[in-house]
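Below is data.pdb, which holds PDB, C-alpha atoms and all ligand atoms.
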```pdb
ATOM      1  CA  MET A   1      15.391  20.980  -9.454
ATOM      2  CA  HIS A   2      15.366  17.725 -11.385
ATOM      3  CA  ILE A   3      13.052  14.758 -10.886
ATOM      4  CA  PHE A   4      14.305  11.518 -12.379
ATOM      5  CA  ALA A   5      12.678   8.097 -12.373
ATOM      6  CA  ILE A   6      15.047   5.136 -12.377
ATOM      7  CA  ALA A   7      13.124   2.562 -14.351
ATOM      8  CA  ASN A   8      13.365  -0.727 -16.189
ATOM      9  CA  GLN A   9      10.514  -3.239 -16.075
ATOM     10  CA  LYS A  10      13.046  -6.052 -15.989
ATOM     11  CA  GLY A  11      13.760  -7.337 -12.490
ATOM     12  CA  GLY A  12      17.165  -7.293 -10.864
ATOM     13  CA  VAL A  13      18.894  -5.031 -13.370
ATOM     14  CA  GLY A  14      20.297  -2.592 -10.829
ATOM     15  CA  LYS A  15      17.539   0.023 -10.446
ATOM     16  CA  THR A  16      17.700   0.159  -6.672
ATOM     17  CA  THR A  17      21.492  -0.020  -6.511
ATOM     18  CA  THR A  18      21.607   2.883  -8.955
ATOM     19  CA  SER A  19      18.947   4.909  -7.087
ATOM     20  CA  VAL A  20      20.575   4.534  -3.688
ATOM     21  CA  ASN A  21      24.144   5.102  -4.844
ATOM     22  CA  LEU A  22      23.305   8.017  -7.106
ATOM     23  CA  ALA A  23      21.359   9.631  -4.245
ATOM     24  CA  ALA A  24      24.274   9.195  -1.840
ATOM     25  CA  ALA A  25      26.866  10.319  -4.389
ATOM     26  CA  LEU A  26      24.835  13.438  -5.245
ATOM     27  CA  ALA A  27      24.478  14.186  -1.532
ATOM     28  CA  LEU A  28      28.252  13.816  -1.097
ATOM     29  CA  GLN A  29      28.630  16.463  -3.787
ATOM     30  CA  GLY A  30      26.434  18.858  -1.856
ATOM     31  CA  GLN A  31      23.191  18.265  -3.750
ATOM     32  CA  ARG A  32      19.990  18.322  -1.705
ATOM     33  CA  THR A  33      18.481  14.975  -2.607
ATOM     34  CA  LEU A  34      15.210  13.132  -2.005
ATOM     35  CA  LEU A  35      14.902   9.424  -2.789
ATOM     36  CA  VAL A  36      11.379   8.099  -3.368
ATOM     37  CA  ASP A  37      10.932   4.346  -2.939
ATOM     38  CA  LEU A  38       8.080   3.361  -5.269
ATOM     39  CA  ASP A  39       8.606  -0.385  -4.876
ATOM     40  CA  PRO A  40       6.667  -2.483  -2.325
ATOM     41  CA  GLN A  41       9.862  -4.547  -1.908
ATOM     42  CA  GLY A  42      11.241  -1.552   0.022
ATOM     43  CA  ASN A  43      14.817  -2.267  -1.053
ATOM     44  CA  ALA A  44      15.753   1.379  -1.568
ATOM     45  CA  THR A  45      14.400   2.108   1.903
ATOM     46  CA  MET A  46      16.484  -0.623   3.558
ATOM     47  CA  GLY A  47      19.520   0.192   1.421
ATOM     48  CA  SER A  48      19.346   3.767   2.703
ATOM     49  CA  GLY A  49      19.460   2.549   6.304
ATOM     50  CA  VAL A  50      15.747   3.008   7.057
ATOM     51  CA  ASP A  51      13.927   0.006   8.560
ATOM     52  CA  LYS A  52      10.918  -0.755   6.358
ATOM     53  CA  GLY A  53       9.375  -2.836   9.150
ATOM     54  CA  ASP A  54       9.246   0.142  11.459
ATOM     55  CA  LEU A  55       7.473   2.835   9.455
ATOM     56  CA  GLN A  56       4.726   5.017  10.920
ATOM     57  CA  ARG A  57       3.828   6.192   7.437
ATOM     58  CA  SER A  58       5.066   5.348   3.993
ATOM     59  CA  VAL A  59       4.638   6.199   0.331
ATOM     60  CA  TYR A  60       1.439   4.178   0.501
ATOM     61  CA  HIS A  61      -0.133   6.785   2.801
ATOM     62  CA  LEU A  62       1.097   9.549   0.545
ATOM     63  CA  LEU A  63      -0.385   8.067  -2.630
ATOM     64  CA  VAL A  64      -3.809   7.306  -1.222
ATOM     65  CA  GLY A  65      -4.031  10.702   0.474
ATOM     66  CA  LEU A  66      -3.709   9.592   4.094
ATOM     67  CA  ALA A  67      -0.567  11.631   4.769
ATOM     68  CA  SER A  68       1.389  14.538   3.356
ATOM     69  CA  LEU A  69       4.989  14.504   2.238
ATOM     70  CA  SER A  70       6.271  16.102   5.428
ATOM     71  CA  ASP A  71       4.592  13.316   7.468
ATOM     72  CA  VAL A  72       6.223  10.587   5.410
ATOM     73  CA  ARG A  73       9.748  11.742   4.689
ATOM     74  CA  ILE A  74      12.612  10.537   6.820
ATOM     75  CA  ARG A  75      16.177  11.765   6.924
ATOM     76  CA  ALA A  76      18.505   8.849   6.147
ATOM     77  CA  GLU A  77      21.167  10.207   8.486
ATOM     78  CA  ALA A  78      24.059   7.986   7.495
ATOM     79  CA  SER A  79      23.227   8.277   3.812
ATOM     80  CA  GLY A  80      22.912  12.060   3.688
ATOM     81  CA  TYR A  81      19.587  12.422   1.907
ATOM     82  CA  ASP A  82      15.843  12.317   2.584
ATOM     83  CA  VAL A  83      13.758   9.221   1.841
ATOM     84  CA  LEU A  84      10.090   8.624   1.179
ATOM     85  CA  PRO A  85      10.113   5.034   2.405
ATOM     86  CA  ALA A  86       8.052   2.064   1.275
ATOM     87  CA  ASN A  87       7.152  -1.432   2.356
ATOM     88  CA  ARG A  88       4.594  -4.084   1.436
ATOM     89  CA  ASP A  89       1.709  -1.707   2.183
ATOM     90  CA  LEU A  90       2.468  -0.071  -1.122
ATOM     91  CA  ALA A  91       1.140  -3.075  -3.016
ATOM     92  CA  GLY A  92      -2.281  -2.068  -1.666
ATOM     93  CA  ALA A  93      -1.958   1.436  -3.076
ATOM     94  CA  GLU A  94      -1.789  -0.039  -6.537
ATOM     95  CA  ILE A  95      -5.286  -1.448  -6.084
ATOM     96  CA  GLU A  96      -6.791   1.430  -4.103
ATOM     97  CA  MET A  97      -5.545   4.073  -6.523
ATOM     98  CA  VAL A  98      -7.486   2.588  -9.411
ATOM     99  CA  GLU A  99     -10.632   4.053  -7.855
ATOM    100  CA  LEU A 100      -9.145   7.496  -7.267
ATOM    101  CA  ASP A 101      -9.239  10.630  -9.416
ATOM    102  CA  ARG A 102      -6.203  11.354 -11.579
ATOM    103  CA  ARG A 103      -4.689   8.105 -10.424
ATOM    104  CA  GLU A 104      -1.505   8.496 -12.514
ATOM    105  CA  MET A 105      -0.810  11.914 -10.988
ATOM    106  CA  ARG A 106      -0.956  11.021  -7.290
ATOM    107  CA  LEU A 107       2.805  11.117  -6.762
ATOM    108  CA  LYS A 108       3.323  14.270  -8.817
ATOM    109  CA  GLU A 109       0.661  16.076  -6.816
ATOM    110  CA  ALA A 110       1.973  14.770  -3.497
ATOM    111  CA  LEU A 111       5.502  15.958  -4.265
ATOM    112  CA  ALA A 112       4.516  19.388  -5.590
ATOM    113  CA  GLU A 113       4.626  21.375  -2.369
ATOM    114  CA  HIS A 114       8.143  20.321  -1.366
ATOM    115  CA  VAL A 115      10.132  19.557  -4.531
ATOM    116  CA  GLY A 116      11.543  23.079  -4.475
ATOM    117  CA  GLU A 117      13.553  22.101  -1.393
ATOM    118  CA  TYR A 118      15.685  19.702  -3.445
ATOM    119  CA  ASP A 119      18.233  19.786  -6.240
ATOM    120  CA  PHE A 120      17.449  16.183  -7.192
ATOM    121  CA  VAL A 121      14.474  13.908  -6.597
ATOM    122  CA  LEU A 122      15.154  10.277  -7.587
ATOM    123  CA  ILE A 123      12.351   7.743  -7.891
ATOM    124  CA  ASP A 124      13.183   4.028  -7.606
ATOM    125  CA  SER A 125      10.613   2.116  -9.678
ATOM    126  CA  PRO A 126       9.359  -1.454  -9.270
ATOM    127  CA  PRO A 127      10.114  -4.092 -11.918
ATOM    128  CA  SER A 128       6.880  -3.641 -13.883
ATOM    129  CA  LEU A 129       5.052  -1.158 -16.051
ATOM    130  CA  SER A 130       2.372  -0.837 -13.393
ATOM    131  CA  LEU A 131       0.359   2.089 -12.050
ATOM    132  CA  LEU A 132       3.141   2.704  -9.523
ATOM    133  CA  THR A 133       5.733   2.981 -12.272
ATOM    134  CA  LEU A 134       3.335   5.187 -14.217
ATOM    135  CA  ASN A 135       3.069   7.516 -11.212
ATOM    136  CA  GLY A 136       6.851   7.768 -11.225
ATOM    137  CA  LEU A 137       6.949   8.548 -14.941
ATOM    138  CA  CYS A 138       4.216  11.187 -14.603
ATOM    139  CA  ALA A 139       6.044  12.899 -11.735
ATOM    140  CA  ALA A 140       9.443  12.918 -13.469
ATOM    141  CA  HIS A 141      11.248  15.162 -15.926
ATOM    142  CA  GLY A 142      13.350  12.293 -17.123
ATOM    143  CA  VAL A 143      14.117   8.607 -16.959
ATOM    144  CA  ILE A 144      17.417   6.946 -16.138
ATOM    145  CA  ILE A 145      17.483   3.372 -17.438
ATOM    146  CA  PRO A 146      19.975   1.020 -15.820
ATOM    147  CA  MET A 147      20.671  -2.059 -17.873
ATOM    148  CA  GLN A 148      22.878  -5.073 -18.089
ATOM    149  CA  CYS A 149      24.630  -5.678 -21.381
ATOM    150  CA  GLU A 150      23.064  -9.077 -22.018
ATOM    151  CA  TYR A 151      21.600 -10.781 -25.030
ATOM    152  CA  PHE A 152      17.938  -9.846 -24.457
ATOM    153  CA  ALA A 153      18.628  -6.400 -23.046
ATOM    154  CA  LEU A 154      17.743  -4.486 -26.206
ATOM    155  CA  GLU A 155      14.538  -6.422 -26.749
ATOM    156  CA  GLY A 156      13.186  -5.544 -23.293
ATOM    157  CA  LEU A 157      14.164  -1.958 -23.822
ATOM    158  CA  SER A 158      11.673  -1.362 -26.626
ATOM    159  CA  ASP A 159       8.664  -1.931 -24.311
ATOM    160  CA  LEU A 160      10.028   0.617 -21.889
ATOM    161  CA  VAL A 161      10.859   3.122 -24.617
ATOM    162  CA  ASN A 162       7.331   2.734 -26.043
ATOM    163  CA  THR A 163       5.795   3.277 -22.618
ATOM    164  CA  ILE A 164       7.902   6.403 -22.135
ATOM    165  CA  LYS A 165       6.770   7.666 -25.566
ATOM    166  CA  LYS A 166       3.119   7.070 -24.685
ATOM    167  CA  VAL A 167       3.444   8.835 -21.346
ATOM    168  CA  HIS A 168       5.176  11.720 -23.082
ATOM    169  CA  ALA A 169       2.394  11.967 -25.675
ATOM    170  CA  ASN A 170      -0.572  11.636 -23.329
ATOM    171  CA  LEU A 171       0.309  12.433 -19.748
ATOM    172  CA  ASN A 172       3.620  14.228 -19.262
ATOM    173  CA  ARG A 173       5.103  16.459 -21.962
ATOM    174  CA  ASP A 174       8.197  17.050 -19.794
ATOM    175  CA  LEU A 175       9.278  13.425 -19.851
ATOM    176  CA  LYS A 176      12.382  12.393 -21.722
ATOM    177  CA  ILE A 177      14.997   9.685 -21.568
ATOM    178  CA  ILE A 178      17.975  11.155 -19.750
ATOM    179  CA  GLY A 179      20.156   8.196 -20.449
ATOM    180  CA  LEU A 180      21.007   4.534 -20.313
ATOM    181  CA  LEU A 181      23.431   3.399 -17.665
ATOM    182  CA  ARG A 182      25.388   0.217 -18.253
ATOM    183  CA  VAL A 183      25.629  -1.645 -14.958
ATOM    184  CA  MET A 184      27.117  -4.936 -13.682
ATOM    185  CA  PHE A 185      29.439  -4.555 -16.615
ATOM    186  CA  ASP A 186      32.076  -7.188 -17.282
ATOM    187  CA  PRO A 187      34.759  -5.702 -19.534
ATOM    188  CA  ARG A 188      36.247  -9.137 -20.217
ATOM    189  CA  SER A 189      33.037 -10.487 -21.739
ATOM    190  CA  THR A 190      32.804 -10.307 -25.520
ATOM    191  CA  LEU A 191      29.004 -10.283 -25.348
ATOM    192  CA  SER A 192      28.950  -7.358 -22.895
ATOM    193  CA  ASN A 193      31.196  -5.384 -25.202
ATOM    194  CA  GLN A 194      29.076  -6.223 -28.248
ATOM    195  CA  VAL A 195      25.805  -5.239 -26.575
ATOM    196  CA  SER A 196      27.449  -2.116 -25.212
ATOM    197  CA  ALA A 197      28.583  -1.126 -28.715
ATOM    198  CA  GLN A 198      25.066  -1.790 -30.058
ATOM    199  CA  LEU A 199      23.605   0.460 -27.383
ATOM    200  CA  GLU A 200      25.948   3.277 -28.346
ATOM    201  CA  GLU A 201      25.011   2.793 -31.985
ATOM    202  CA  HIS A 202      21.252   2.940 -31.302
ATOM    203  CA  PHE A 203      21.151   5.540 -28.558
ATOM    204  CA  GLY A 204      24.251   7.672 -29.205
ATOM    205  CA  ASP A 205      24.931  10.207 -26.466
ATOM    206  CA  LYS A 206      21.912   8.958 -24.514
ATOM    207  CA  VAL A 207      24.304   6.289 -23.244
ATOM    208  CA  PHE A 208      26.108   7.559 -20.167
ATOM    209  CA  LYS A 209      29.894   7.487 -20.390
ATOM    210  CA  THR A 210      30.166   5.936 -16.940
ATOM    211  CA  LEU A 211      30.263   2.149 -16.862
ATOM    212  CA  VAL A 212      29.356   0.524 -13.550
ATOM    213  CA  PRO A 213      31.311  -2.723 -13.166
ATOM    214  CA  ARG A 214      30.091  -5.809 -11.386
ATOM    215  CA  ASN A 215      31.471  -5.284  -7.902
ATOM    216  CA  VAL A 216      30.690  -7.323  -4.824
ATOM    217  CA  ARG A 217      31.040  -4.346  -2.457
ATOM    218  CA  LEU A 218      27.934  -2.789  -4.055
ATOM    219  CA  ALA A 219      26.001  -5.987  -3.376
ATOM    220  CA  GLU A 220      27.226  -6.237   0.229
ATOM    221  CA  ALA A 221      26.457  -2.647   1.194
ATOM    222  CA  PRO A 222      22.639  -2.935   1.628
ATOM    223  CA  SER A 223      23.014  -5.530   4.399
ATOM    224  CA  TYR A 224      24.856  -2.817   6.355
ATOM    225  CA  GLY A 225      22.092  -0.296   5.608
ATOM    226  CA  LEU A 226      24.488   1.850   3.636
ATOM    227  CA  PRO A 227      24.818   2.901   0.011
ATOM    228  CA  GLY A 228      27.915   1.344  -1.594
ATOM    229  CA  VAL A 229      29.516   4.744  -2.091
ATOM    230  CA  LEU A 230      29.594   5.180   1.694
ATOM    231  CA  PHE A 231      30.187   1.558   2.677
ATOM    232  CA  ASP A 232      33.446   1.297   0.742
ATOM    233  CA  ARG A 233      34.202   4.491  -1.079
ATOM    234  CA  THR A 234      37.419   3.169  -2.601
ATOM    235  CA  SER A 235      35.787   0.148  -4.281
ATOM    236  CA  LYS A 236      35.499   0.132  -8.062
ATOM    237  CA  GLY A 237      31.690   0.126  -7.832
ATOM    238  CA  ALA A 238      31.608   3.128  -5.516
ATOM    239  CA  GLN A 239      34.042   5.019  -7.725
ATOM    240  CA  ALA A 240      31.812   4.347 -10.726
ATOM    241  CA  TYR A 241      28.724   5.753  -9.001
ATOM    242  CA  LEU A 242      30.692   8.791  -7.811
ATOM    243  CA  ASN A 243      31.719   9.368 -11.426
ATOM    244  CA  PHE A 244      28.122   8.836 -12.526
ATOM    245  CA  ALA A 245      26.902  11.543 -10.138
ATOM    246  CA  ALA A 246      29.527  13.928 -11.518
ATOM    247  CA  GLU A 247      28.427  13.067 -15.062
ATOM    248  CA  MET A 248      24.803  13.677 -14.065
ATOM    249  CA  ILE A 249      25.575  17.082 -12.567
ATOM    250  CA  GLU A 250      27.564  18.001 -15.666
ATOM    251  CA  ARG A 251      24.686  16.922 -17.889
ATOM    252  CA  VAL A 252      22.031  18.957 -16.079
ATOM    253  CA  ASN A 253      24.338  21.987 -16.025
ATOM    254  CA  SER A 254      24.786  21.701 -19.783
ATOM    255  CA  TRP A 255      20.984  22.059 -20.216
ATOM    256  CA  ARG A 256      21.137  25.375 -18.409
ATOM    257  CA  GLU A 257      23.608  26.674 -20.975
ATOM    258  CA  GLU A 258      21.527  25.539 -23.957
TER     259      GLU A 258
HETATM  260  P1  LIG B   1      14.179  -5.259  -8.680
HETATM  261  O1  LIG B   1      13.709  -5.299 -10.093
HETATM  262  O2  LIG B   1      13.901  -6.503  -7.911
HETATM  263  O3  LIG B   1      13.749  -4.018  -7.967
HETATM  264  P2  LIG B   1      16.644  -3.911  -9.199
HETATM  265  O4  LIG B   1      16.531  -3.643 -10.664
HETATM  266  O5  LIG B   1      16.331  -2.804  -8.273
HETATM  267  O6  LIG B   1      15.803  -5.189  -8.794
HETATM  268  P3  LIG B   1      19.043  -4.288  -7.668
HETATM  269  O7  LIG B   1      18.270  -4.703  -6.476
HETATM  270  O8  LIG B   1      19.694  -2.964  -7.655
HETATM  271  O9  LIG B   1      18.142  -4.429  -8.969
HETATM  272  O10 LIG B   1      20.162  -5.352  -8.035
HETATM  273  C1  LIG B   1      19.870  -6.736  -8.151
HETATM  274  C2  LIG B   1      20.975  -7.518  -7.438
HETATM  275  O11 LIG B   1      22.231  -7.280  -8.070
HETATM  276  C3  LIG B   1      21.157  -7.108  -5.990
HETATM  277  O12 LIG B   1      21.501  -8.212  -5.237
HETATM  278  C4  LIG B   1      22.311  -6.123  -6.048
HETATM  279  O13 LIG B   1      23.044  -6.070  -4.841
HETATM  280  C5  LIG B   1      23.149  -6.701  -7.169
HETATM  281  N1  LIG B   1      23.895  -5.660  -7.890
HETATM  282  C6  LIG B   1      23.394  -4.541  -8.460
HETATM  283  N2  LIG B   1      24.353  -3.851  -9.090
HETATM  284  C7  LIG B   1      25.501  -4.549  -8.910
HETATM  285  C8  LIG B   1      26.868  -4.370  -9.337
HETATM  286  N3  LIG B   1      27.235  -3.317 -10.078
HETATM  287  N4  LIG B   1      27.764  -5.299  -8.970
HETATM  288  C9  LIG B   1      27.396  -6.385  -8.237
HETATM  289  N5  LIG B   1      26.147  -6.617  -7.820
HETATM  290  C10 LIG B   1      25.208  -5.717  -8.146
HETATM  291 MG    MG B   2      14.702  -2.585  -6.975
END
```
Now that the file is in, can you turn its structure into structure tokens?
Amino acid sequence: MHIFAIANQKGGVGKTTTSVNLAAALALQGQRTLLVDLDPQGNATMGSGVDKGDLQRSVYHLLVGLASLSDVRIRAEASGYDVLPANRDLAGAEIEMVELDRREMRLKEALAEHVGEYDFVLIDSPPSLSLLTLNGLCAAHGVIIPMQCEYFALEGLSDLVNTIKKVHANLNRDLKIIGLLRVMFDPRSTLSNQVSAQLEEHFGDKVFKTLVPRNVRLAEAPSYGLPGVLFDRTSKGAQAYLNFAAEMIERVNSWREE
């Protein structure tokens, strides 16, 4: 069982698109998958086909101790995986948790009883290095960092890498960077190619081989309540995420052999 946080404190870099499509692609490959929406925007929830406006209970209830995982999780039927859904309530958890014991460990502890039922647990993080994100990093074995190959991309990355190092040192010895995923990639752009080459230079085999291109079908899919890989499986974006899931499975299997 592998728990991965999908994180980048920069907004709009493709965290949710990656979370939802990786979850669906893993499910298509027979992996039992749970997607945790840790963002009050609730985009991963909606993108999985679950209505965030119509939740009895959400991740908020889980984090503040008002519900257990089995009360909160919903099967995203069309998407093929389970979801711990979120909506604006979750913004309140951020404030309420400050008062609680072991406030960084709330998610880890809430997941503990049921994680064994899954092959993969994916956590979609909000665009901040907040207490919510910290809960994701404390619950995870690894971090997947989606990023656009833009001019300031590397600069923003150092804050995230430092945060991950601090969490590793102080709160979660299991945590490591699984890899960087280049998304919304434009192969015709010189800058994209330069930044991409720089990433490979700095991070070596921590950079996933899969490149996710900019593809409008991925952006359209959430309005149909479907992950892109199910909405239009033949699109270039869907194909990339299917390849990414295969790369992910290969990578975790290679750890077993080590
Ligand atoms: P936030 O920080 O607000 O949570 P995010 O990092 O989760 O954002 P997404 O919501 O996944 O980012 O993506 C931002 C926007 O870019 C969305 O409109 C999404 O549909 C679009 N998008 C993401 N990936 C791609 C892609 N490969 N091709 C085209 N559009 C994309
Ligand atoms: Mg998001």
Residue members of the PyMOL selection byres (((not hetatm)) within 7 of (chain B and resi 2)) in the file shown, as an mmCIF file with C-alpha atoms, keeping the file's coordinate frame:
```
data_model
loop_
_atom_site.group_PDB
_atom_site.id
_atom_site.type_symbol
_atom_site.label_atom_id
_atom_site.label_comp_id
_atom_site.auth_asym_id
_atom_site.auth_seq_id
_atom_site.Cartn_x
_atom_site.Cartn_y
_atom_site.Cartn_z
ATOM 1 C CA GLY A 12 17.165 -7.293 -10.864
ATOM 2 C CA GLY A 14 20.297 -2.592 -10.829
ATOM 3 C CA LYS A 15 17.539 0.023 -10.446
ATOM 4 C CA THR A 16 17.700 0.159 -6.672
ATOM 5 C CA ASP A 39 8.606 -0.385 -4.876
ATOM 6 C CA ASN A 43 14.817 -2.267 -1.053
ATOM 7 C CA ALA A 44 15.753 1.379 -1.568
ATOM 8 C CA ASP A 124 13.183 4.028 -7.606
ATOM 9 C CA SER A 125 10.613 2.116 -9.678
ATOM 10 C CA PRO A 126 9.359 -1.454 -9.270
ATOM 11 C CA PRO A 127 10.114 -4.092 -11.918
#
```
Worksheet item: So which residues get picked by the PyMOL selection byres (((chain A and resi 149) around 10) and not hetatm) here, written as an MDAnalysis selection string?
Response: chainID A and resid 13 146:148 150:154 181:186 189 191:199
Response to the item:
The residue from A:Leu129, A:Leu111, A:Asp51, A:Ala23 with the smallest atom-to-atom distance to A:Asn162, counting all atoms listed in the file, is A:Leu129
Worksheet item: Can you list, as a ChimeraX atom specification, the residues that the PyMOL selection byres (((chain A and resi 245) around 6) and not hetatm) selects here?
Response: /A:22,25-26,242-244,246-248
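All residues of protein, DNA or RNA that reach within 12 Å of A:Asn170, judged by all atoms listed in the file and not counting those fewer than 6 positions away in the chain, are Glu104, Leu134, Leu137, Cys138, Thr163 and Ile164 of chain A.
Among the candidates A:Pro213, A:Gly228, A:Gly136, A:Pro187, the residue lying nearest to A:Asn172 is A:Gly136 (atoms considered: all atoms listed in the file).
For the set A:Ala24, A:Ile178, A:Ala67, A:Leu34, the residue with the smallest atom-to-atom gap to A:Gly116 is A:Leu34, counting all atoms listed in the file.
Reported to one decimal place, the separation of atom C5 of ligand LIG 1 (chain B) from atom CA of A:Val121 is 22.4 Å.
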Worksheet item: What is the atom CA of A:Leu69-atom CA of A:Ala110 distance in Å, reported with one decimal?
Response: 6.5 Å
Discussion item. Could you list, as a PyMOL selection string, every residue within 6 Å of A:Val83, counting all atoms listed in the file and ignoring same-chain residues fewer than 5 positions away?
Written reply: chain A and resi 34-36+73-74
Please enclose the listed atoms of stretch 140-152 of chain A in an axis-aligned box, pad each side by 5 Å, and write out the centre and the three edge lengths in Å, rounded to one decimal, as lines of an AutoDock Vina configuration file.
```
center_x = 17.0
center_y = 2.2
center_z = -19.2
size_x = 25.2
size_y = 35.9
size_z = 21.6
```
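Counting from atom CA of A:Met1, the distance to atom CA of A:Arg102 is 23.7 Å.
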